[in-house]
file work-v7.cif (mmCIF, C-alpha atoms and all ligand atoms)
data_upload
#
loop_
_atom_site.label_atom_id
_atom_site.label_comp_id
_atom_site.auth_asym_id
_atom_site.auth_seq_id
_atom_site.Cartn_x
_atom_site.Cartn_y
_atom_site.Cartn_z
CA MET W 1259 0.00 0.00 0.00
CA ASN W 1260 1.24 3.53 -0.79
CA ALA W 1261 2.04 5.82 2.12
CA PRO W 1262 -0.71 8.45 2.52
CA ARG W 1263 0.14 11.76 0.84
CA GLU W 1264 0.53 14.89 2.85
CA ILE W 1265 -2.38 17.33 2.66
CA ALA W 1266 -0.76 20.72 2.49
CA ILE W 1267 -3.62 23.14 1.87
CA PRO W 1268 -4.42 24.60 5.31
CA VAL W 1269 -0.86 25.83 5.79
CA GLU W 1270 -0.70 27.51 2.39
CA ARG W 1271 -4.00 29.22 2.97
CA ILE W 1272 -2.67 31.08 5.98
CA GLY W 1273 -0.87 33.42 3.60
CA ARG W 1274 0.99 36.51 4.48
CA ALA W 1275 -0.47 39.86 5.53
CA ALA W 1276 -0.22 42.54 2.84
CA PRO W 1277 3.01 44.53 3.33
CA ALA W 1278 3.04 47.91 5.04
CA LEU W 1279 1.91 50.62 2.70
CA PRO W 1280 4.44 52.94 1.12
CA ALA W 1281 4.09 56.55 2.26
CA ALA W 1282 3.35 57.70 -1.29
CA LEU W 1283 2.13 55.96 -4.41
CA PRO W 1284 5.11 54.42 -6.22
CA PRO W 1285 5.65 55.87 -9.67
CA ALA W 1286 4.11 53.87 -12.53
CA GLY W 1287 6.87 51.90 -14.18
CA GLY W 1288 10.22 53.49 -13.81
CA GLN W 1289 11.17 52.10 -17.20
CA GLY W 1290 9.18 54.67 -19.14
CA ASP W 1291 6.43 52.31 -20.27
CA GLY W 1292 3.86 53.21 -17.59
CA LEU W 1293 3.90 49.64 -16.24
CA LEU W 1294 4.78 48.27 -12.82
CA HIS W 1295 8.09 46.40 -12.77
CA ASP W 1296 9.33 43.86 -10.25
CA ARG W 1297 12.85 43.53 -8.86
CA LEU W 1298 13.94 41.64 -11.96
CA GLY W 1299 12.47 44.29 -14.29
CA ARG W 1300 9.44 42.21 -15.31
CA PRO W 1301 6.26 44.21 -16.00
CA LEU W 1302 2.86 43.24 -14.58
CA THR W 1303 0.58 42.79 -17.59
CA ASP W 1304 -1.37 39.62 -16.94
CA LEU W 1305 -3.71 38.58 -14.11
CA ARG W 1306 -5.07 35.07 -13.62
CA ILE W 1307 -8.14 34.91 -11.44
CA SER W 1308 -9.24 31.70 -9.77
CA VAL W 1309 -13.00 31.78 -9.28
CA THR W 1310 -13.42 28.46 -7.46
CA ASP W 1311 -11.27 25.83 -5.76
CA ARG W 1312 -13.73 23.10 -6.75
CA CYS W 1313 -13.63 20.84 -9.78
CA ASN W 1314 -15.71 18.02 -11.23
CA PHE W 1315 -12.55 16.23 -12.51
CA ARG W 1316 -9.83 14.54 -10.50
CA CYS W 1317 -6.82 14.74 -12.84
CA GLY W 1318 -4.04 12.91 -11.00
CA TYR W 1319 -1.49 15.64 -11.71
CA CYS W 1320 -3.69 18.34 -10.14
CA MET W 1321 -6.41 17.06 -7.77
CA PRO W 1322 -5.64 13.41 -7.07
CA LYS W 1323 -8.67 11.55 -5.76
CA GLU W 1324 -6.95 10.21 -2.69
CA VAL W 1325 -6.35 13.77 -1.43
CA PHE W 1326 -9.35 15.61 -2.88
CA ASP W 1327 -11.88 13.12 -1.54
CA LYS W 1328 -15.25 13.52 0.17
CA ASP W 1329 -13.58 14.71 3.38
CA TYR W 1330 -11.58 17.44 1.68
CA ARG W 1331 -12.44 20.90 3.02
CA TYR W 1332 -13.13 23.36 0.21
CA LEU W 1333 -13.48 27.05 0.90
CA PRO W 1334 -16.82 28.07 2.39
CA HIS W 1335 -18.88 30.31 0.11
CA GLY W 1336 -18.40 33.40 2.28
CA ALA W 1337 -14.62 33.15 1.88
CA LEU W 1338 -14.81 33.45 -1.91
CA LEU W 1339 -14.40 36.87 -3.45
CA SER W 1340 -17.72 38.09 -4.83
CA PHE W 1341 -17.95 39.07 -8.51
CA GLU W 1342 -18.03 42.73 -7.44
CA GLU W 1343 -14.84 42.29 -5.40
CA ILE W 1344 -13.10 40.53 -8.28
CA ALA W 1345 -14.17 43.21 -10.77
CA ARG W 1346 -13.05 45.97 -8.43
CA LEU W 1347 -9.61 44.42 -8.05
CA ALA W 1348 -9.36 43.81 -11.80
CA ALA W 1349 -10.11 47.49 -12.40
CA VAL W 1350 -7.31 48.46 -10.03
CA PHE W 1351 -4.90 46.08 -11.78
CA ALA W 1352 -5.94 47.56 -15.12
CA ARG W 1353 -5.09 51.03 -13.82
CA ARG W 1354 -1.55 49.77 -13.21
CA GLY W 1355 -0.99 48.15 -16.58
CA VAL W 1356 -2.71 44.76 -16.62
CA ARG W 1357 -4.10 44.06 -20.10
CA LYS W 1358 -4.98 40.38 -19.94
CA LEU W 1359 -7.33 38.62 -17.57
CA ARG W 1360 -7.74 34.85 -17.48
CA LEU W 1361 -10.46 33.17 -15.43
CA THR W 1362 -9.46 29.80 -14.09
CA GLY W 1363 -9.84 27.55 -11.05
CA GLY W 1364 -10.59 24.71 -10.08
CA GLU W 1365 -13.15 24.50 -12.83
CA PRO W 1366 -14.34 28.06 -13.52
CA LEU W 1367 -17.56 27.00 -15.23
CA LEU W 1368 -18.71 25.46 -11.95
CA ARG W 1369 -18.99 28.96 -10.43
CA LYS W 1370 -22.65 29.86 -10.66
CA ASN W 1371 -23.51 32.54 -13.20
CA ILE W 1372 -19.87 33.03 -14.22
CA GLU W 1373 -21.06 34.90 -17.30
CA ALA W 1374 -22.17 37.75 -15.01
CA LEU W 1375 -18.54 38.14 -13.90
CA VAL W 1376 -17.38 38.04 -17.52
CA ALA W 1377 -19.82 40.86 -18.30
CA GLN W 1378 -18.46 42.98 -15.42
CA LEU W 1379 -14.88 42.41 -16.57
CA ALA W 1380 -15.76 43.14 -20.19
CA ALA W 1381 -16.98 46.58 -19.14
CA LEU W 1382 -13.54 47.53 -17.74
CA ARG W 1383 -11.20 49.78 -19.71
CA THR W 1384 -7.47 50.46 -19.65
CA PRO W 1385 -6.33 54.04 -18.91
CA ALA W 1386 -6.16 54.46 -22.72
CA GLY W 1387 -9.81 53.43 -23.00
CA GLU W 1388 -9.18 49.96 -24.46
CA PRO W 1389 -11.14 46.87 -23.35
CA LEU W 1390 -9.14 44.17 -21.59
CA ASP W 1391 -8.35 40.85 -23.22
CA ILE W 1392 -10.51 38.34 -21.31
CA ALA W 1393 -9.97 34.60 -21.59
CA LEU W 1394 -10.91 31.49 -19.62
CA THR W 1395 -9.33 28.09 -19.07
CA THR W 1396 -11.73 25.18 -18.66
CA ASN W 1397 -11.82 21.40 -18.68
CA GLY W 1398 -14.57 21.76 -21.29
CA SER W 1399 -17.11 19.58 -19.50
CA LEU W 1400 -19.75 22.34 -19.33
CA LEU W 1401 -18.61 24.34 -22.33
CA ALA W 1402 -21.18 23.14 -24.87
CA ARG W 1403 -23.88 24.42 -22.50
CA LYS W 1404 -22.14 27.67 -21.58
CA ALA W 1405 -20.30 28.84 -24.71
CA GLN W 1406 -23.06 31.05 -26.08
CA ALA W 1407 -23.74 32.86 -22.79
CA LEU W 1408 -20.01 33.40 -22.24
CA ALA W 1409 -19.49 34.86 -25.71
CA ALA W 1410 -22.55 37.08 -25.33
CA ALA W 1411 -21.16 38.37 -22.01
CA GLY W 1412 -17.94 39.48 -23.71
CA LEU W 1413 -15.53 36.55 -23.36
CA ARG W 1414 -13.07 36.57 -26.26
CA ARG W 1415 -11.21 33.27 -26.06
CA VAL W 1416 -11.18 29.93 -24.28
CA THR W 1417 -8.45 27.43 -23.60
CA VAL W 1418 -9.70 23.88 -23.17
CA SER W 1419 -7.65 21.27 -21.34
CA LEU W 1420 -7.77 17.87 -23.03
CA ASP W 1421 -5.21 15.16 -22.30
CA ALA W 1422 -6.28 12.40 -24.71
CA LEU W 1423 -8.49 11.65 -27.67
CA ASP W 1424 -8.88 8.01 -26.79
CA ASP W 1425 -11.96 7.74 -24.58
CA ALA W 1426 -10.52 5.13 -22.22
CA VAL W 1427 -7.28 7.07 -21.68
CA PHE W 1428 -9.20 10.31 -21.16
CA ARG W 1429 -11.60 8.74 -18.64
CA ARG W 1430 -8.62 7.37 -16.71
CA MET W 1431 -6.90 10.76 -16.68
CA ASN W 1432 -9.89 12.78 -15.49
CA ASP W 1433 -10.55 9.91 -13.03
CA VAL W 1434 -14.31 10.58 -12.92
CA ASP W 1435 -15.13 8.57 -16.07
CA PHE W 1436 -15.98 11.69 -18.09
CA PRO W 1437 -16.34 10.97 -21.84
CA VAL W 1438 -14.09 12.71 -24.35
CA ALA W 1439 -16.99 13.29 -26.77
CA ASP W 1440 -18.52 15.91 -24.45
CA VAL W 1441 -15.28 17.92 -24.30
CA LEU W 1442 -14.94 17.75 -28.10
CA ALA W 1443 -18.52 19.03 -28.37
CA GLY W 1444 -17.55 21.90 -26.04
CA ILE W 1445 -14.61 22.82 -28.26
CA GLU W 1446 -16.84 22.83 -31.34
CA ALA W 1447 -19.46 24.95 -29.59
CA ALA W 1448 -16.77 27.45 -28.58
CA GLN W 1449 -15.47 27.69 -32.16
CA ALA W 1450 -19.03 28.10 -33.46
CA THR W 1451 -19.83 30.95 -31.04
CA GLY W 1452 -16.73 32.98 -31.88
CA LEU W 1453 -14.60 31.97 -28.88
CA GLY W 1454 -11.91 30.70 -31.25
CA PRO W 1455 -9.31 29.99 -32.20
CA VAL W 1456 -9.61 27.62 -29.25
CA LYS W 1457 -6.34 26.65 -27.62
CA VAL W 1458 -6.30 23.02 -26.51
CA ASN W 1459 -3.87 22.24 -23.67
CA MET W 1460 -2.57 18.70 -23.27
CA VAL W 1461 -0.48 17.87 -20.21
CA VAL W 1462 1.87 15.07 -21.25
CA LYS W 1463 2.80 12.44 -18.70
CA ARG W 1464 5.30 9.86 -19.88
CA GLY W 1465 3.86 6.37 -19.81
CA VAL W 1466 0.33 7.67 -19.17
CA ASN W 1467 -0.78 9.63 -22.25
CA ASP W 1468 2.30 10.16 -24.42
CA GLY W 1469 0.80 7.63 -26.84
CA GLN W 1470 -1.88 10.27 -27.49
CA ILE W 1471 0.50 12.93 -28.83
CA LEU W 1472 0.16 11.91 -32.48
CA PRO W 1473 -3.59 11.13 -32.42
CA MET W 1474 -4.21 14.56 -30.83
CA ALA W 1475 -1.98 16.30 -33.38
CA ARG W 1476 -3.72 14.49 -36.24
CA HIS W 1477 -7.17 15.35 -34.87
CA PHE W 1478 -6.62 19.09 -34.39
CA ARG W 1479 -4.52 19.74 -37.52
CA GLY W 1480 -6.41 21.96 -39.90
CA THR W 1481 -9.35 22.58 -37.53
CA GLY W 1482 -8.39 26.11 -36.47
CA SER W 1483 -7.78 24.95 -32.88
CA VAL W 1484 -4.20 25.25 -31.65
CA LEU W 1485 -2.95 22.23 -29.73
CA ARG W 1486 -0.36 22.97 -27.03
CA PHE W 1487 1.68 20.38 -25.21
CA ILE W 1488 2.48 21.15 -21.58
CA GLU W 1489 5.26 19.50 -19.65
CA TYR W 1490 3.99 17.85 -16.48
CA MET W 1491 4.96 20.20 -13.64
CA ASP W 1492 5.83 19.81 -9.98
CA VAL W 1493 3.11 22.22 -8.84
CA GLY W 1494 1.49 21.77 -5.45
CA ALA W 1495 2.30 19.12 -2.91
CA THR W 1496 -0.10 16.32 -3.76
CA ASN W 1497 0.60 14.95 -7.25
CA GLY W 1498 3.69 12.87 -6.39
CA TRP W 1499 5.64 14.45 -9.28
CA ARG W 1500 8.71 12.67 -10.60
CA MET W 1501 11.11 13.98 -13.22
CA ASP W 1502 11.07 10.68 -15.10
CA GLU W 1503 7.36 11.22 -15.84
CA VAL W 1504 8.11 14.49 -17.65
CA LEU W 1505 8.28 14.12 -21.41
CA PRO W 1506 10.42 17.04 -22.63
CA SER W 1507 8.81 19.23 -25.30
CA ALA W 1508 11.80 18.57 -27.57
CA GLU W 1509 10.71 14.94 -27.72
CA VAL W 1510 7.08 15.93 -28.43
CA VAL W 1511 8.27 18.04 -31.37
CA GLN W 1512 10.48 15.22 -32.63
CA ARG W 1513 7.64 12.70 -32.52
CA ILE W 1514 5.22 14.97 -34.39
CA ALA W 1515 7.81 16.15 -36.91
CA ALA W 1516 8.53 12.53 -37.87
CA ASP W 1517 5.01 12.38 -39.38
CA PHE W 1518 4.26 16.08 -39.99
CA PRO W 1519 7.31 18.32 -40.58
CA LEU W 1520 7.33 21.43 -38.38
CA VAL W 1521 8.84 24.90 -38.76
CA PRO W 1522 9.58 27.07 -35.68
CA LEU W 1523 7.64 30.35 -35.52
CA GLU W 1524 8.64 33.64 -33.90
CA ALA W 1525 6.94 34.59 -30.60
CA THR W 1526 4.09 37.06 -31.14
CA ALA W 1527 4.40 38.82 -27.78
CA PRO W 1528 6.97 39.19 -24.98
CA GLY W 1529 6.17 36.92 -22.05
CA GLU W 1530 4.55 34.30 -24.32
CA THR W 1531 4.85 30.98 -22.52
CA ALA W 1532 4.45 28.73 -25.57
CA GLN W 1533 6.98 28.11 -28.30
CA ARG W 1534 5.09 27.96 -31.58
CA TRP W 1535 5.59 25.57 -34.48
CA ALA W 1536 3.85 25.63 -37.87
CA TYR W 1537 3.04 22.53 -39.87
CA ALA W 1538 5.25 22.84 -42.96
CA ASP W 1539 2.28 22.04 -45.21
CA GLY W 1540 0.40 25.10 -43.87
CA ASP W 1541 -2.20 23.10 -41.94
CA GLY W 1542 -2.05 25.18 -38.76
CA GLU W 1543 0.30 25.25 -35.78
CA ILE W 1544 1.07 23.67 -32.43
CA GLY W 1545 2.65 25.07 -29.26
CA THR W 1546 4.93 23.62 -26.61
CA ILE W 1547 5.04 24.89 -23.03
CA SER W 1548 8.26 23.71 -21.48
CA SER W 1549 7.92 24.87 -17.90
CA VAL W 1550 10.37 22.20 -16.72
CA THR W 1551 13.03 21.93 -19.43
CA ARG W 1552 13.06 25.55 -20.64
CA ALA W 1553 12.07 27.96 -17.87
CA PHE W 1554 10.50 31.23 -18.96
CA CYS W 1555 10.71 33.10 -15.65
CA HIS W 1556 12.86 35.85 -17.17
CA ASP W 1557 9.80 37.45 -18.76
CA CYS W 1558 7.01 36.10 -16.55
CA SER W 1559 4.52 38.96 -16.26
CA ARG W 1560 1.71 37.06 -14.52
CA ALA W 1561 0.16 37.57 -11.11
CA ARG W 1562 -2.42 35.18 -9.71
CA LEU W 1563 -5.42 36.01 -7.57
CA SER W 1564 -6.71 33.09 -5.51
CA THR W 1565 -10.38 32.31 -5.01
CA GLU W 1566 -10.35 33.98 -1.61
CA GLY W 1567 -8.34 37.04 -2.57
CA ARG W 1568 -4.70 36.22 -2.00
CA LEU W 1569 -2.23 37.54 -4.54
CA TYR W 1570 0.43 35.03 -5.61
CA LEU W 1571 3.49 36.12 -7.53
CA CYS W 1572 4.46 32.70 -8.86
CA LEU W 1573 2.71 29.42 -9.62
CA PHE W 1574 5.13 27.79 -7.21
CA ALA W 1575 4.81 30.32 -4.39
CA GLY W 1576 4.16 28.96 -0.91
CA GLN W 1577 2.34 32.04 0.29
CA GLY W 1578 0.06 34.72 -1.05
CA HIS W 1579 -0.57 38.32 -0.04
CA ASP W 1580 -4.03 38.64 1.44
CA LEU W 1581 -5.99 41.48 -0.17
CA LYS W 1582 -9.36 40.54 1.31
CA PRO W 1583 -8.93 42.43 4.61
CA LEU W 1584 -8.36 45.59 2.57
CA LEU W 1585 -11.26 44.86 0.24
CA ARG W 1586 -13.66 44.14 3.08
CA GLY W 1587 -12.18 46.67 5.51
CA GLY W 1588 -13.19 49.77 3.60
CA ALA W 1589 -9.85 50.57 1.89
CA GLY W 1590 -10.16 52.87 -1.10
CA ASP W 1591 -8.94 52.04 -4.60
CA ASP W 1592 -5.80 54.15 -4.12
CA VAL W 1593 -4.81 52.04 -1.13
CA LEU W 1594 -5.45 48.83 -3.05
CA GLU W 1595 -3.43 50.20 -5.93
CA SER W 1596 -0.41 51.19 -3.87
CA THR W 1597 -0.52 47.87 -2.00
CA ILE W 1598 -0.53 45.89 -5.22
CA ALA W 1599 2.27 48.07 -6.56
CA ALA W 1600 4.40 47.48 -3.46
CA ILE W 1601 3.81 43.72 -3.64
CA TRP W 1602 4.75 43.50 -7.32
CA GLN W 1603 7.76 45.77 -6.92
CA GLY W 1604 9.11 43.40 -4.25
CA ARG W 1605 8.79 40.33 -6.48
CA ALA W 1606 11.86 38.24 -7.27
CA ASP W 1607 10.23 34.81 -7.83
CA ARG W 1608 11.73 32.57 -10.52
CA TYR W 1609 11.04 29.09 -9.30
CA SER W 1610 11.46 27.22 -12.60
CA GLU W 1611 14.86 28.76 -13.20
CA LEU W 1612 15.89 27.69 -9.73
CA ARG W 1613 14.33 24.21 -9.95
CA ALA W 1614 17.66 22.58 -10.69
CA LEU W 1615 19.08 24.11 -7.51
CA HIS W 1616 16.10 22.91 -5.45
CA ALA W 1617 16.67 19.42 -6.85
CA ALA W 1618 20.33 19.60 -5.84
CA ASP W 1619 19.19 20.45 -2.31
CA ALA W 1620 17.21 17.22 -2.11
CA GLY W 1621 18.40 16.63 1.43
CA LEU W 1622 16.64 19.77 2.66
CA PRO W 1623 12.92 19.94 3.44
CA ALA W 1624 11.04 20.84 0.24
CA PRO W 1625 9.44 24.30 0.23
CA ARG W 1626 5.65 24.02 0.72
CA ARG W 1627 3.72 25.05 -2.34
CA VAL W 1628 0.17 26.06 -3.01
CA GLU W 1629 -2.09 23.74 -5.05
CA MET W 1630 -2.79 24.65 -8.68
CA SER W 1631 -6.52 24.06 -8.20
CA TYR W 1632 -6.44 26.81 -5.55
CA ILE W 1633 -4.62 29.56 -7.45
CA GLY W 1634 -5.38 28.41 -10.98
CA GLY W 1635 -3.06 27.44 -13.82
N1 LIG T 1701 -10.03 23.20 -14.57
C1 LIG T 1701 -9.54 24.01 -15.64
C2 LIG T 1701 -8.75 23.21 -16.62
O1 LIG T 1701 -8.37 22.07 -16.32
O2 LIG T 1701 -8.52 23.73 -17.70
C3 LIG T 1701 -8.74 25.22 -15.19
C4 LIG T 1701 -7.78 25.05 -14.04
S1 LIG T 1701 -6.41 23.96 -14.34
C5 LIG T 1701 -5.57 24.03 -12.79
C6 LIG T 1701 -5.44 24.94 -15.46
C7 LIG T 1701 -4.42 24.20 -16.28
O3 LIG T 1701 -3.42 23.69 -15.43
C8 LIG T 1701 -4.95 23.03 -17.08
O4 LIG T 1701 -4.61 23.20 -18.45
C9 LIG T 1701 -4.22 21.86 -16.48
O5 LIG T 1701 -3.99 20.86 -17.42
C10 LIG T 1701 -2.96 22.48 -15.99
N2 LIG T 1701 -2.27 21.71 -14.95
C11 LIG T 1701 -2.76 21.32 -13.76
N3 LIG T 1701 -1.84 20.62 -13.06
C12 LIG T 1701 -0.72 20.55 -13.85
C13 LIG T 1701 0.57 19.98 -13.71
N4 LIG T 1701 0.92 19.28 -12.63
N5 LIG T 1701 1.45 20.13 -14.72
C14 LIG T 1701 1.13 20.83 -15.83
N6 LIG T 1701 -0.08 21.41 -16.02
C15 LIG T 1701 -1.00 21.27 -15.05
FE1 LIG T 1702 -9.82 20.06 -12.43
FE2 LIG T 1702 -8.45 21.44 -14.19
FE3 LIG T 1702 -7.23 20.39 -12.07
FE4 LIG T 1702 -8.11 18.74 -13.93
S1 LIG T 1702 -6.53 20.31 -14.17
S2 LIG T 1702 -8.43 18.50 -11.72
S3 LIG T 1702 -9.92 19.79 -14.64
S4 LIG T 1702 -8.74 21.98 -12.02
FE1 LIG T 1703 6.52 32.66 -13.59
FE2 LIG T 1703 7.01 31.34 -11.34
FE3 LIG T 1703 6.45 30.00 -13.57
FE4 LIG T 1703 8.79 31.26 -13.31
S1 LIG T 1703 8.09 29.54 -12.11
S2 LIG T 1703 7.44 31.31 -15.12
S3 LIG T 1703 8.17 33.08 -12.12
S4 LIG T 1703 5.07 31.39 -12.47
#
call {"tool": "encode", "arguments": {"input": "work-v7.cif", "output": "structure tokens"}}
result
Amino acid sequence: MNAPREIAIPVERIGRAAPALPAALPPAGGQGDGLLHDRLGRPLTDLRISVTDRCNFRCGYCMPKEVFDKDYRYLPHGALLSFEEIARLAAVFARRGVRKLRLTGGEPLLRKNIEALVAQLAALRTPAGEPLDIALTTNGSLLARKAQALAAAGLRRVTVSLDALDDAVFRRMNDVDFPVADVLAGIEAAQATGLGPVKVNMVVKRGVNDGQILPMARHFRGTGSVLRFIEYMDVGATNGWRMDEVLPSAEVVQRIAADFPLVPLEATAPGETAQRWAYADGDGEIGTISSVTRAFCHDCSRARLSTEGRLYLCLFAGQGHDLKPLLRGGAGDDVLESTIAAIWQGRADRYSELRALHAADAGLPAPRRVEMSYIGG
């Protein structure tokens, strides 16, 4: 029998109090672009917002069943940020340079009436009067039902996670026996309602679903959807990650190129996490996200807001900065703004770049990390 896995959540949720406020508002940027920069010069342009810590799937790499079981304590409803609180914070972030919002979770489509939040976010404007770029990451299980309402509310794009085309492999990976056909129907509904081009994210685990790389590539070639292969990451403290289960992106590219020649493409934007590859015959493109073998911390411009209002500066952070006491304690937008600025300006996180060093320190206690289902991917 396997030893029981450690349940790490309660400790991570304690978080850190927001830092003392600076006497005056820090200047926007400092690098002449009007943006906030952290200690490594990285601008804050992208905010991921987790709207629930619950999910209807039990992917082993994220919410393994033996930990996230019927006794698992999810956040009580009153602890969740309300849509108004989320929209208020998003507006403050937009004032300081954030241009992209991504709703995630847990499974974001489980949050009741999520389209009402999308509508509130779609009404926000940058200081230059531009709408924000609003996207959502979902497991696709409820997408066929929700796509139209989400598009009508102002959502622009969706990313759908799908780890296999083979029904048996997919049911094993989501571990709740969910059929692949329903996710494929969700992707089609999203394309049909203008939420495309849909990005399809496949986490590749060696020996589990790497046999699905070619079938997935074949299926999505020429459909307008962009398939992206994600290296299995050591996020959280519950998935029992091992390096030998990571299939490096270079090998994914090699396997696909053997059947369908690929040509590397230039990045379209700074901070882009995926490397892009075009099919040489012009039938679309794929992406690879190599969080383990090719760290992209040097231009990581993403902050993450947890379901209950903690700000995390890195996917691998152990602690977040709690903004809820300010939100619920009557602080004005200027105070929120200067607090967020001070937090970002103190940021020096670059976990993936340092991963090799952590591995070398294997004799030391591992740093405790927050779960991905809690802060969102
Ligand atoms: N439930 C939604 C979904 O699955 O798309 C949104 C939240 S999920 C945490 C966001 C993304 O994180 C998904 O694409 C998922 O595959 C990815 N993810 C979760 N755990 C991961 C891990 N250990 N390694 C790599 N990607 C992971
Ligand atoms: Fe749920 Fe997404 Fe995590 Fe899978 S990856 S368990 S769908 S939150
Ligand atoms: Fe960004 Fe942290 Fe990931 Fe590096 S490890 S890319 S800093 S989230």
call {"tool": "closest_residue", "arguments": {"input": "work-v7.cif", "among": "W:Arg1605, W:Arg1360, W:Arg1486, W:Arg1312", "to": "Val1510 (chain W)", "atoms": "all atoms listed in the file"}}
result
W:Arg1486
call {"tool": "atom_distance", "arguments": {"input": "work-v7.cif", "atom1": "CA of Glu1342 (chain W)", "atom2": "CA of Arg1560 (chain W)"}}
result
21.7 Å
call {"tool": "atom_distance", "arguments": {"input": "work-v7.cif", "atom1": "CA of Leu1379 (chain W)", "atom2": "atom C5 of ligand LIG 1701 (chain T)"}}
result
20.9 Å
call {"tool": "residues_around", "arguments": {"input": "work-v7.cif", "residues": "Glu1373 (chain W)", "least_positions_apart": "6", "cutoff": "12 Å", "atoms": "all atoms listed in the file", "output": "list in words"}}
result
Val1309, Phe1341, Leu1361, Pro1366, Leu1367, Leu1379, Ala1380, Ile1392, Ala1393, Leu1394, Leu1401, Lys1404, Ala1405, Gln1406, Ala1407, Leu1408, Ala1409, Ala1410, Ala1411, Gly1412 and Leu1413 of chain W
call {"tool": "residues_around", "arguments": {"input": "work-v7.cif", "residues": "Asp1517 (chain W)", "least_positions_apart": "2", "cutoff": "12 Å", "atoms": "all atoms listed in the file", "output": "PyMOL selection string"}}
result
chain W and resi 1471-1473+1475-1476+1510-1515+1519-1520+1537-1539
call {"tool": "atom_distance", "arguments": {"input": "work-v7.cif", "atom1": "CA of Gln1378 (chain W)", "atom2": "CA of Arg1346 (chain W)"}}
result
9.3 Å
call {"tool": "closest_residue", "arguments": {"input": "work-v7.cif", "among": "W:Met1501, W:Leu1390, W:Val1376, W:Ala1561", "to": "Ala1599 (chain W)", "atoms": "only C-alpha atoms"}}
result
W:Ala1561
call {"tool": "residues_near_ligand", "arguments": {"input": "work-v7.cif", "ligand": "ligand LIG 1701 (chain T)", "cutoff": "8 Å", "atoms": "all atoms listed in the file", "output": "PDB file with C-alpha atoms, in the coordinates of the input"}}
result
ATOM      1  CA  CYS W1313     -13.630  20.840  -9.780  1.00  0.00           C
ATOM      2  CA  PHE W1315     -12.550  16.230 -12.510  1.00  0.00           C
ATOM      3  CA  CYS W1317      -6.820  14.740 -12.840  1.00  0.00           C
ATOM      4  CA  TYR W1319      -1.490  15.640 -11.710  1.00  0.00           C
ATOM      5  CA  CYS W1320      -3.690  18.340 -10.140  1.00  0.00           C
ATOM      6  CA  MET W1321      -6.410  17.060  -7.770  1.00  0.00           C
ATOM      7  CA  THR W1362      -9.460  29.800 -14.090  1.00  0.00           C
ATOM      8  CA  GLY W1363      -9.840  27.550 -11.050  1.00  0.00           C
ATOM      9  CA  GLY W1364     -10.590  24.710 -10.080  1.00  0.00           C
ATOM     10  CA  GLU W1365     -13.150  24.500 -12.830  1.00  0.00           C
ATOM     11  CA  PRO W1366     -14.340  28.060 -13.520  1.00  0.00           C
ATOM     12  CA  LEU W1394     -10.910  31.490 -19.620  1.00  0.00           C
ATOM     13  CA  THR W1395      -9.330  28.090 -19.070  1.00  0.00           C
ATOM     14  CA  THR W1396     -11.730  25.180 -18.660  1.00  0.00           C
ATOM     15  CA  ASN W1397     -11.820  21.400 -18.680  1.00  0.00           C
ATOM     16  CA  GLY W1398     -14.570  21.760 -21.290  1.00  0.00           C
ATOM     17  CA  THR W1417      -8.450  27.430 -23.600  1.00  0.00           C
ATOM     18  CA  VAL W1418      -9.700  23.880 -23.170  1.00  0.00           C
ATOM     19  CA  SER W1419      -7.650  21.270 -21.340  1.00  0.00           C
ATOM     20  CA  LEU W1420      -7.770  17.870 -23.030  1.00  0.00           C
ATOM     21  CA  ASP W1421      -5.210  15.160 -22.300  1.00  0.00           C
ATOM     22  CA  ASN W1459      -3.870  22.240 -23.670  1.00  0.00           C
ATOM     23  CA  MET W1460      -2.570  18.700 -23.270  1.00  0.00           C
ATOM     24  CA  VAL W1461      -0.480  17.870 -20.210  1.00  0.00           C
ATOM     25  CA  VAL W1462       1.870  15.070 -21.250  1.00  0.00           C
ATOM     26  CA  ILE W1488       2.480  21.150 -21.580  1.00  0.00           C
ATOM     27  CA  GLU W1489       5.260  19.500 -19.650  1.00  0.00           C
ATOM     28  CA  TYR W1490       3.990  17.850 -16.480  1.00  0.00           C
ATOM     29  CA  MET W1491       4.960  20.200 -13.640  1.00  0.00           C
ATOM     30  CA  ASP W1492       5.830  19.810  -9.980  1.00  0.00           C
ATOM     31  CA  VAL W1493       3.110  22.220  -8.840  1.00  0.00           C
ATOM     32  CA  GLY W1494       1.490  21.770  -5.450  1.00  0.00           C
ATOM     33  CA  ASN W1497       0.600  14.950  -7.250  1.00  0.00           C
ATOM     34  CA  TRP W1499       5.640  14.450  -9.280  1.00  0.00           C
ATOM     35  CA  MET W1630      -2.790  24.650  -8.680  1.00  0.00           C
ATOM     36  CA  SER W1631      -6.520  24.060  -8.200  1.00  0.00           C
ATOM     37  CA  TYR W1632      -6.440  26.810  -5.550  1.00  0.00           C
ATOM     38  CA  ILE W1633      -4.620  29.560  -7.450  1.00  0.00           C
ATOM     39  CA  GLY W1634      -5.380  28.410 -10.980  1.00  0.00           C
ATOM     40  CA  GLY W1635      -3.060  27.440 -13.820  1.00  0.00           C
TER      41      GLY W1635
END
call {"tool": "residues_near_point", "arguments": {"input": "work-v7.cif", "point": "(0.3, 24.2, -35.8)", "cutoff": "12 Å", "atoms": "only C-alpha atoms", "output": "PyMOL selection string"}}
result
chain W and resi 1455+1457-1458+1474-1487+1511+1514-1515+1518-1523+1532-1546
call {"tool": "closest_residue", "arguments": {"input": "work-v7.cif", "among": "W:Ser1548, W:Ser1610, W:Gln1603, W:Asn1314", "to": "Phe1574 (chain W)", "atoms": "only C-alpha atoms"}}
result
W:Ser1610
call {"tool": "closest_residue", "arguments": {"input": "work-v7.cif", "among": "W:Val1593, W:Leu1382, W:Leu1569, W:Cys1558", "to": "ligand LIG 1703 (chain T)", "atoms": "only C-alpha atoms and all ligand atoms"}}
result
W:Cys1558
